[in-house]
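Here's the structure, in structure tokens; my notes come after.
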Protein chains: 4
Amino acid sequence: MKIDLNSDLGESFGRYTLGCDEKVVPLVTSVNAACGFHAGDPVVMKKTVLLARQAGISVGAHPGFADLQGFGRRNMNLSYEELQACVLYQLGALDAFVKAEGLKLAHVKPHGAMYNMAAKDSKMAEAICSAVQAYDPDLIILAQESGQLYQTAKKMGLRAAAEVFADRAYEEDGTLVARSKPGSMITDPEEALARVLRMIREGKVTAISGKDINVRADSVCVHGDGESALEFIRRIREQCEKENIILAPLREIV
Amino acid sequence: MKIDLNSDLGESFGRYTLGCDEKVVPLVTSVNAACGFHAGDPVVMKKTVLLARQAGISVGAHPGFADLQGFGRRNMNLSYEELQACVLYQLGALDAFVKAEGLKLAHVKPHGAMYNMAAKDSKMAEAICSAVQAYDPDLIILAQESGQLYQTAKKMGLRAAAEVFADRAYEEDGTLVARSKPGSMITDPEEALARVLRMIREGKVTAISGKDINVRADSVCVHGDGESALEFIRRIREQCEKENIILAPLREIV
Amino acid sequence: MKIDLNSDLGESFGRYTLGCDEKVVPLVTSVNAACGFHAGDPVVMKKTVLLARQAGISVGAHPGFADLQGFGRRNMNLSYEELQACVLYQLGALDAFVKAEGLKLAHVKPHGAMYNMAAKDSKMAEAICSAVQAYDPDLIILAQESGQLYQTAKKMGLRAAAEVFADRAYEEDGTLVARSKPGSMITDPEEALARVLRMIREGKVTAISGKDINVRADSVCVHGDGESALEFIRRIREQCEKENIILAPLREIV
Amino acid sequence: MKIDLNSDLGESFGRYTLGCDEKVVPLVTSVNAACGFHAGDPVVMKKTVLLARQAGISVGAHPGFADLQGFGRRNMNLSYEELQACVLYQLGALDAFVKAEGLKLAHVKPHGAMYNMAAKDSKMAEAICSAVQAYDPDLIILAQESGQLYQTAKKMGLRAAAEVFADRAYEEDGTLVARSKPGSMITDPEEALARVLRMIREGKVTAISGKDINVRADSVCVHGDGESALEFIRRIREQCEKENIILAPLREIV
């Protein structure tokens with residue numbers, strides 16, 4: 001039994017620092033590196049890829065909308081052609097640093113609003129997948145199994161990996177409960193840990209309605225913003241070790 | 001005897017159109033495609049590379065400063081690390097579209113202020129060349145032979161091609177006469193044509209001082225903004241054909 | 001009987017030129033000047049305001065989303081606070097040039113996606129109106145009478161002027177027929193002219209369904225991109241003169 | 001005897017937070033608020049002006065180059081017209097928030113590279129001053145007395161206030177010792193405090209050469225990034241109180 005731990009990193013920009021990437025990188029198996037549109041700049045991207053290489057972990061692209069002020073979290077309506085080209089651009093830009101470090105780009109996980117919109121909109125999912133396919137058909141799409149992005153990748157013959165969230169409640173259809181609703185966040189670390197481990201072992205989680213649902217877990221999305229977040233990653237690692245769940249990059253899983 | 005004709009294209013952006021790329025592409029052998037920093041956006045880049053593929057001509061990256069408002073023509077002081085990362089980023093971004101079209105990126109020619117500053121500043125030249133080397137040591141640097149960028153590329157073991165300008169006067173040291181000085185522009189098309197052909201055939205041009213100087217010509221930089229510019233390219237092509245000078249992409253020349 | 005003619009101008013940016021502002025300005029009574037977010041830059045804004053002063057016409061702000069690549073035409077989800085601050089910022093920025101020319105800012109008309117979204121979303125309309133109110137409660141909001149922006153301005157006690165479109169078909173509720181639908185554009189200039197004059201004189205227009213609807217016309221939105229557009233403005237002016245309809249800025253109308 | 005304490009604030013952007021503005025504002029008499037080009041966004045600007053109003057302190061504009069990635073610290077070559085328009089734009093943008101809070105914009109202090117370049121280049125100083133004059137001739141220019149910006153403001157009949165730096169060494173001509181040189185920073189807080197108080201009381205400071213020079217001190221530039229910086233401001237305030245030096249905004253000083 002294998003699981004990947006992925007984290008969104010490289011989100012600093014110029015004079016602005018975000019997250020504690022140096023501390024997170026040694027604890028995860030996959031980095032989703034921002035590509036300069038919603039966060040990250042060329043110097044930050046270089047450093048992020050270097051950190052990943054030094055830790056021997058896998059690097060994926062984390063493309064987002066060209067909206068630094070909104071951190072890529074504001075919905076934007078791009079045409080199919082614009083979205084496809086915008087993803088292709090970011091894949092290449094990040095891959096330049098990956099190639100320069102002698103690594104191989106492993107996966108693609110859209111960021112923020114692009115991720116959320118593509119989960120619901122199969123046309124957007126297709127635009128993203130077609131960019132990935134045109135760039136490198138070996139790349140793995142990382143997304144929730146229940147969403148259009150994962151499903152479209154599968155349909156198009158791309159490799160796809162399913163991610164789960166430790167700190168979020170689920171609807172019965174496998175989507176996340178909107179942050180605006182009560183109970184959307186799992187705030188108790190012990191409960192979050194228990195849920196994650198069950199998702200990994202059994203492929204099941206209790207939805208907010210109380211019903212158990214199936215959920216595919218190839219990777220767990222973890223955060224690295226602050227000490228308690230780091231501590232939570234350490235707890236997952238510890239527990240996985242105890243239960244003989246092997247931490248491994250996506251390439252060894254899907 | 002072979003010569004390349006290169007032109008800066010793909011400089012439209014969003015709602016804004018610049019140049020008449022469709023008309024220029026069939027007349028040149030190499031495209032320098034803007035990479036989204038000083039001009040160009042992902043959709044424009046996609047179209048530019050497609051045009052080049054359809055015409056069967058060679059594509060190079062035309063990276064510039066991140067200054068859309070100044071069109072990359074305003075000097076900016078970047079650190080070595082910033083410049084290197086900024087070039088690497090743009091190489092990868094453009095190459096994504098090149099790869100997606102099944103082509104291979106051929107050369108790199110910095111734009112505007114980056115080109116001019118790197119011609120005089122060997123540290124900047126080194127930052128640019130190191131980005132090129134890290135990305136793909138097969139790439140050809142396109143620059144004036146008299147400048148630091150060409151010289152540094154050669155020193156670092158990179159392939160370099162020398163470009164000449166039909167419409168500009170030269171100083172005795174092979175640099176261009178500043179646009180602010182009288183006589184800096186060769187405005188008579190016949191004179192420009194004669195100068196270009198002599199540079200190609202003899203490797204010589206008459207400097208503004210009246211003295212003949214040596215100038216290496218692997219490629220002629222031509223413009224495509226307007227009918228008279230297009231007509232000038234046609235004249236060069238005609239004359240080259242008459243004189244058995246073969247038009248060829250940089251890869252076949254250096 | 002009075003009518004204002006308004007046009008979106010100042011949409012050039014850096015090296016990129018859009019429209020033929022010099023030719024349009026003498027033909028209209030109100031300029032909607034882009035404020036640097038979706039189009040326009042500080043130098044362009046300065047020139048646009050200067051043109052308006054020289055022609056003795058009225059200047060309004062034309063704020064848009066911070067999306068130069070999409071020309072402010074792509075829907076973006078801003079929070080109430082973000083939208084309010086984004087409009088306030090642009091009002092001040094444009095007004096700096098207006099003040100420097102000794103003029104007084106007259107009106108505000110949001111651009112593109114911001115205009116369209118605010119017509120349907122009363123919260124967005126309120127955010128925009130509250131920015132206008134905070135900046136200068138004397139400013140006139142220019143929008144379609146049928147939309148939320150006009151209605152909200154009225155409710156909040158702001159001055160509002162209603163604009164009509166010569167080249168667009170109307171739904172029965174007074175909104176514009178979506179461009180994607182057949183018949184959305186009035187392509188025959190004679191028909192467009194007749195419709196405009198009827199809207200001015202009678203406050204009526206025939207909706208796409210064939211039914212006559214009421215439509216308030218304080219101002220006609222005219223385009224200036226190309227000779228036929230300019231010719232159309234001249235025709236409106238001519239016809240207005242014949243029918244003793246006086247061309248006047250918004251301030252003299254509402 | 002009166003002195004102003006000024007601090008560069010409002011430098012957060014979108015998701016990125018910089019400085020601890022809430023803690024600094026109550027300790028100073030003048031805020032230099034970033035205007036969205038090198039730092040700050042409309043929401044941040046609104047908050048910064050609100051903080052200043054609540055603390056009852058004075059607000060000035062802190063315009064910078066349009067270079068968020070470089071935080072306005074990289075030299076950029078703008079034309080006279082571009083610089084003038086770029087400053088005018090930022091003055092208006094910030095003033096929108098100032099007006100909305102019922103305040104009056106008090107002063108202008110360029111940021112980073114614009115400040116440093118204008119200190120040495122009288123043409124740039126003139127472009128900045130002409131923007132200020134066109135916008136509001138009552139505005140105070142805040143700069144070092146030894147530099148071209150202060151001198152040009154005086155020549156043009158504008159009000160100017162002279163600022164001094166507690167933590168920087170001075171050359172004999174009153175300019176700051178370049179950060180790259182040894183001894184450029186005054187790292188001992190006691191020494192920094194003693195130097196500041198002497199500059200306020202006597203208008204003198206010991207240059208790095210050992211020679212005493214004259215230096216006009218209407219305002220002290222203080223930093224707010226971290227607890228030791230805040231502690232240093234508190235020490236200045238304490239000492240000023242002891243010595244009957246009154247803290248006052250620039251308007252009461254020049």
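Lettering and numbering for the structure tokens are positional, with chains as A, B, ... in the shown order, residues counted from 1 in each chain, and ligands counted from 1 in the shown order.
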
- [ ] Restrict the distance test to only C-alpha atoms, flag each residue of chain A within 6 Å of chain D, and return the flagged residues as a PyMOL selection string.
- [x] chain A and resi 14+69-70

Task: DSSP strand (DSSP E or B) selection over stretch 68-171 of chain D, as an NGL selection string - done: :D and (76 or 107-108 or 140-143 or 159-165 or 168 or 170)

Writer output for current selection, all heavy atoms, as a CSV table (one decimal), in the first residue's frame:
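Contents of again_34.csv, as written:
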```csv
chain,number,residue,atom,x,y,z
D,76,MET,N,14.8,51.6,-13.4
D,76,MET,CA,14.2,51.5,-14.7
D,76,MET,C,14.3,52.9,-15.4
D,76,MET,O,14.2,53.9,-14.8
D,76,MET,CB,12.7,51.3,-14.5
D,76,MET,CG,12.3,49.8,-14.2
D,76,MET,SD,10.5,49.6,-14.0
D,76,MET,CE,10.0,49.6,-15.8
D,107,HIS,N,1.7,64.7,1.6
D,107,HIS,CA,3.1,64.7,1.0
D,107,HIS,C,3.3,63.6,0.0
D,107,HIS,O,2.5,62.7,-0.2
D,107,HIS,CB,4.1,64.7,2.2
D,107,HIS,CG,4.2,63.3,2.8
D,107,HIS,ND1,3.3,63.0,3.8
D,107,HIS,CD2,5.0,62.3,2.6
D,107,HIS,CE1,3.6,61.7,4.2
D,107,HIS,NE2,4.6,61.3,3.5
D,108,VAL,N,4.4,63.7,-0.6
D,108,VAL,CA,4.8,62.7,-1.6
D,108,VAL,C,6.3,62.3,-1.4
D,108,VAL,O,7.1,63.2,-1.3
D,108,VAL,CB,4.7,63.2,-3.1
D,108,VAL,CG1,5.1,62.2,-4.1
D,108,VAL,CG2,3.3,63.8,-3.3
D,140,ILE,N,3.7,68.4,-0.1
D,140,ILE,CA,5.1,68.5,0.4
D,140,ILE,C,5.9,67.4,-0.2
D,140,ILE,O,5.5,66.2,-0.1
D,140,ILE,CB,5.2,68.5,1.9
D,140,ILE,CG1,4.4,69.6,2.5
D,140,ILE,CG2,6.6,68.5,2.4
D,140,ILE,CD1,4.1,69.5,4.0
D,141,ILE,N,7.0,67.7,-0.8
D,141,ILE,CA,8.0,66.7,-1.3
D,141,ILE,C,8.9,66.3,-0.2
D,141,ILE,O,9.5,67.1,0.5
D,141,ILE,CB,8.8,67.2,-2.5
D,141,ILE,CG1,8.0,67.6,-3.7
D,141,ILE,CG2,9.9,66.2,-2.9
D,141,ILE,CD1,7.7,66.6,-4.7
D,142,LEU,N,8.9,65.0,0.1
D,142,LEU,CA,9.8,64.5,1.2
D,142,LEU,C,11.0,63.8,0.6
D,142,LEU,O,10.8,62.8,-0.1
D,142,LEU,CB,9.0,63.6,2.1
D,142,LEU,CG,9.7,62.9,3.3
D,142,LEU,CD1,10.3,64.0,4.2
D,142,LEU,CD2,8.7,62.0,4.1
D,143,ALA,N,12.2,64.3,0.9
D,143,ALA,CA,13.4,63.7,0.3
D,143,ALA,C,14.6,64.2,1.1
D,143,ALA,O,14.5,65.0,2.0
D,143,ALA,CB,13.5,64.2,-1.1
D,159,ARG,N,6.7,73.1,-1.7
D,159,ARG,CA,7.2,72.8,-0.3
D,159,ARG,C,8.0,71.5,-0.3
D,159,ARG,O,7.6,70.6,-0.9
D,159,ARG,CB,6.0,72.7,0.6
D,159,ARG,CG,5.2,74.0,0.7
D,159,ARG,CD,3.8,73.8,1.2
D,159,ARG,NE,3.8,73.6,2.6
D,159,ARG,CZ,2.7,73.1,3.3
D,159,ARG,NH1,1.6,72.8,2.7
D,159,ARG,NH2,2.7,73.0,4.6
D,160,ALA,N,9.1,71.5,0.5
D,160,ALA,CA,9.9,70.3,0.6
D,160,ALA,C,10.3,70.1,2.0
D,160,ALA,O,10.5,71.1,2.7
D,160,ALA,CB,11.1,70.5,-0.3
D,161,ALA,N,10.3,68.9,2.4
D,161,ALA,CA,10.8,68.5,3.8
D,161,ALA,C,11.9,67.6,3.6
D,161,ALA,O,12.0,66.8,2.7
D,161,ALA,CB,9.6,67.9,4.5
D,162,ALA,N,12.9,67.7,4.6
D,162,ALA,CA,14.1,66.9,4.5
D,162,ALA,C,14.1,65.8,5.4
D,162,ALA,O,13.8,66.0,6.6
D,162,ALA,CB,15.3,67.8,4.8
D,163,GLU,N,14.4,64.6,4.9
D,163,GLU,CA,14.4,63.4,5.8
D,163,GLU,C,15.8,62.9,6.1
D,163,GLU,O,16.7,63.1,5.3
D,163,GLU,CB,13.5,62.3,5.3
D,163,GLU,CG,14.1,61.5,4.1
D,163,GLU,CD,13.2,60.3,3.8
D,163,GLU,OE1,12.5,59.8,4.7
D,163,GLU,OE2,13.4,59.7,2.7
D,164,VAL,N,16.0,62.3,7.2
D,164,VAL,CA,17.2,61.8,7.6
D,164,VAL,C,17.0,60.3,8.0
D,164,VAL,O,15.9,59.9,8.3
D,164,VAL,CB,17.9,62.5,8.8
D,164,VAL,CG1,18.3,63.9,8.4
D,164,VAL,CG2,17.0,62.5,10.0
D,165,PHE,N,18.1,59.6,7.9
D,165,PHE,CA,18.1,58.1,8.2
D,165,PHE,C,18.9,57.8,9.4
D,165,PHE,O,20.1,58.2,9.5
D,165,PHE,CB,18.6,57.3,7.0
D,165,PHE,CG,17.7,57.5,5.8
D,165,PHE,CD1,17.9,58.6,4.9
D,165,PHE,CD2,16.6,56.7,5.5
D,165,PHE,CE1,17.1,58.8,3.8
D,165,PHE,CE2,15.8,56.9,4.4
D,165,PHE,CZ,16.1,58.0,3.6
D,168,ARG,N,21.7,54.7,8.7
D,168,ARG,CA,22.6,54.7,7.5
D,168,ARG,C,23.7,55.7,7.7
D,168,ARG,O,23.6,56.8,8.3
D,168,ARG,CB,21.8,55.2,6.3
D,168,ARG,CG,20.7,54.3,5.9
D,168,ARG,CD,21.2,52.9,5.3
D,168,ARG,NE,22.0,53.1,4.2
D,168,ARG,CZ,21.5,53.1,2.9
D,168,ARG,NH1,20.2,53.0,2.7
D,168,ARG,NH2,22.3,53.2,1.9
D,170,TYR,N,26.6,58.4,6.3
D,170,TYR,CA,26.5,59.5,5.3
D,170,TYR,C,27.9,59.7,4.7
D,170,TYR,O,28.9,59.6,5.3
D,170,TYR,CB,26.1,60.8,5.9
D,170,TYR,CG,24.6,60.8,6.2
D,170,TYR,CD1,24.0,60.2,7.3
D,170,TYR,CD2,23.7,61.5,5.3
D,170,TYR,CE1,22.6,60.2,7.5
D,170,TYR,CE2,22.4,61.5,5.5
D,170,TYR,CZ,21.8,60.9,6.6
D,170,TYR,OH,20.5,60.9,6.8
```

Would you mind listing what lies within 10 Å of B:Val24 as a short mmCIF file (atom, residue, chain, number, x, y, z; two decimals) with N, CA and C atoms, in the first residue's frame, with only C-alpha atoms counted and same-chain residues fewer than 2 positions away left out?
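This went into part-v9.cif:
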```cif
data_model
loop_
_atom_site.label_atom_id
_atom_site.label_comp_id
_atom_site.auth_asym_id
_atom_site.auth_seq_id
_atom_site.Cartn_x
_atom_site.Cartn_y
_atom_site.Cartn_z
N ASN B 6 16.11 36.92 -40.15
CA ASN B 6 15.34 36.77 -38.90
C ASN B 6 14.48 38.00 -38.66
N SER B 7 13.32 37.75 -38.03
CA SER B 7 12.39 38.84 -37.75
C SER B 7 11.72 38.65 -36.39
N ASP B 8 11.55 39.76 -35.67
CA ASP B 8 10.88 39.72 -34.36
C ASP B 8 9.37 39.68 -34.57
N LEU B 9 8.74 38.59 -34.17
CA LEU B 9 7.31 38.45 -34.41
C LEU B 9 6.57 38.04 -33.14
N GLY B 19 2.14 44.38 -36.00
CA GLY B 19 2.83 43.73 -37.11
C GLY B 19 1.87 42.95 -38.00
N CYS B 20 2.42 42.41 -39.06
CA CYS B 20 1.61 41.61 -39.99
C CYS B 20 2.33 40.28 -40.17
N ASP B 21 2.30 39.50 -39.08
CA ASP B 21 3.09 38.27 -39.00
C ASP B 21 2.82 37.31 -40.14
N GLU B 22 1.56 37.20 -40.56
CA GLU B 22 1.22 36.25 -41.62
C GLU B 22 1.97 36.57 -42.91
N PRO B 26 6.33 34.02 -44.36
CA PRO B 26 6.76 33.31 -45.58
C PRO B 26 8.03 33.89 -46.21
N LEU B 27 8.44 35.07 -45.73
CA LEU B 27 9.57 35.74 -46.36
C LEU B 27 10.88 35.56 -45.60
N VAL B 28 10.83 35.02 -44.39
CA VAL B 28 12.06 34.90 -43.58
C VAL B 28 12.40 33.43 -43.34
N THR B 29 13.54 33.21 -42.72
CA THR B 29 13.93 31.82 -42.42
C THR B 29 13.92 31.54 -40.92
N VAL B 31 12.12 32.94 -37.08
CA VAL B 31 11.23 33.80 -36.30
C VAL B 31 11.79 33.95 -34.90
N VAL B 222 15.37 41.60 -40.20
CA VAL B 222 14.45 42.37 -41.04
C VAL B 222 13.15 42.67 -40.28
N HIS B 223 12.51 43.76 -40.67
CA HIS B 223 11.28 44.18 -40.01
C HIS B 223 10.07 43.83 -40.86
N GLY B 224 8.93 43.73 -40.23
CA GLY B 224 7.74 43.36 -41.00
C GLY B 224 6.58 44.28 -40.74
N ASP B 225 6.89 45.48 -40.34
CA ASP B 225 5.82 46.41 -39.98
C ASP B 225 5.48 47.32 -41.15
N GLY B 226 4.67 46.83 -42.02
CA GLY B 226 4.22 47.69 -43.11
C GLY B 226 4.72 47.21 -44.46
N ALA B 229 8.45 47.70 -45.58
CA ALA B 229 9.35 46.75 -44.92
C ALA B 229 9.27 45.39 -45.61
N LEU B 230 8.06 44.96 -45.92
CA LEU B 230 7.89 43.68 -46.62
C LEU B 230 8.56 43.72 -47.99
N ILE B 233 12.22 43.19 -47.73
CA ILE B 233 12.60 41.77 -47.57
C ILE B 233 12.55 41.06 -48.94
N ARG B 234 11.52 41.37 -49.70
CA ARG B 234 11.41 40.74 -51.03
C ARG B 234 12.62 41.09 -51.91
#
```

TODO: Quote the spacing between atom CA of B:Leu78 and atom CA of D:Cys86 in Å to one decimal place.
DONE: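 Calculated distance between atom CA of B:Leu78 and atom CA of D:Cys86 is 20.8 Å.
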
Task: Exercise: stretch 52-59 of chain A partners within 9 Å, only C-alpha atoms, chain neighbours under 5 positions left out, as a PyMOL selection string - done: chain A and resi 25-26+28-33+47+98+101-108+249-251

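Considering only C-alpha atoms, the residue among B:Glu82, B:Arg74, B:Gly92, B:Ala194 positioned nearest to B:Cys240 is B:Ala194.
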
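As for atom CA of C:Asp212 and atom CA of C:Ser122, they are spaced 26.3 Å apart.
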
Open item on the list: Need the shell around A:Glu191: protein/DNA/RNA residues with any atom at most 10 Å away, counting only C-alpha atoms. Skip same-chain ones fewer than 5 positions apart. Format as a VMD selection string?
Closed with: chain A and resid 166 to 167 186 196 to 197

- [ ] Could you give me the residues within stretch 46-151 of chain D that DSSP places in helix (DSSP H, G or I), as a ChimeraX atom specification?
- [x] /D:46-55,80-100,112-120,122-135,148-151

Open item on the list: Using only C-alpha atoms for the distances, tell me which of D:Met199, D:Leu5, D:Ala118, D:Val87 is nearest to D:Ser219.
Closed with: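 Distance minimum relative to D:Ser219 lands on D:Leu5.
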
- [ ] Give me, please, the distance in Å between atom CA of B:Gln148 and atom CA of B:Met124, quoted to one decimal.
- [x] 8.7 Å

Task: Shortest interatomic distance to D:Cys35 - which of C:Ala93, C:Ser228, C:Ala207, C:Gln144, counting only C-alpha atoms - done: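 Nearest to D:Cys35: C:Ala93.
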
Task: Residue among C:Met117, C:Tyr135, C:Cys129, C:Val254 lying closest to D:Leu94, counting only C-alpha atoms - done: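 Selected residue with least distance to D:Leu94: C:Tyr135.
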
Task: Using only C-alpha atoms: which of C:Leu83, C:Asn116, C:Lys123, C:Leu51 has the shortest distance to C:Ala178 - done: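 The shortest atom-to-atom distance to C:Ala178 comes from C:Asn116.
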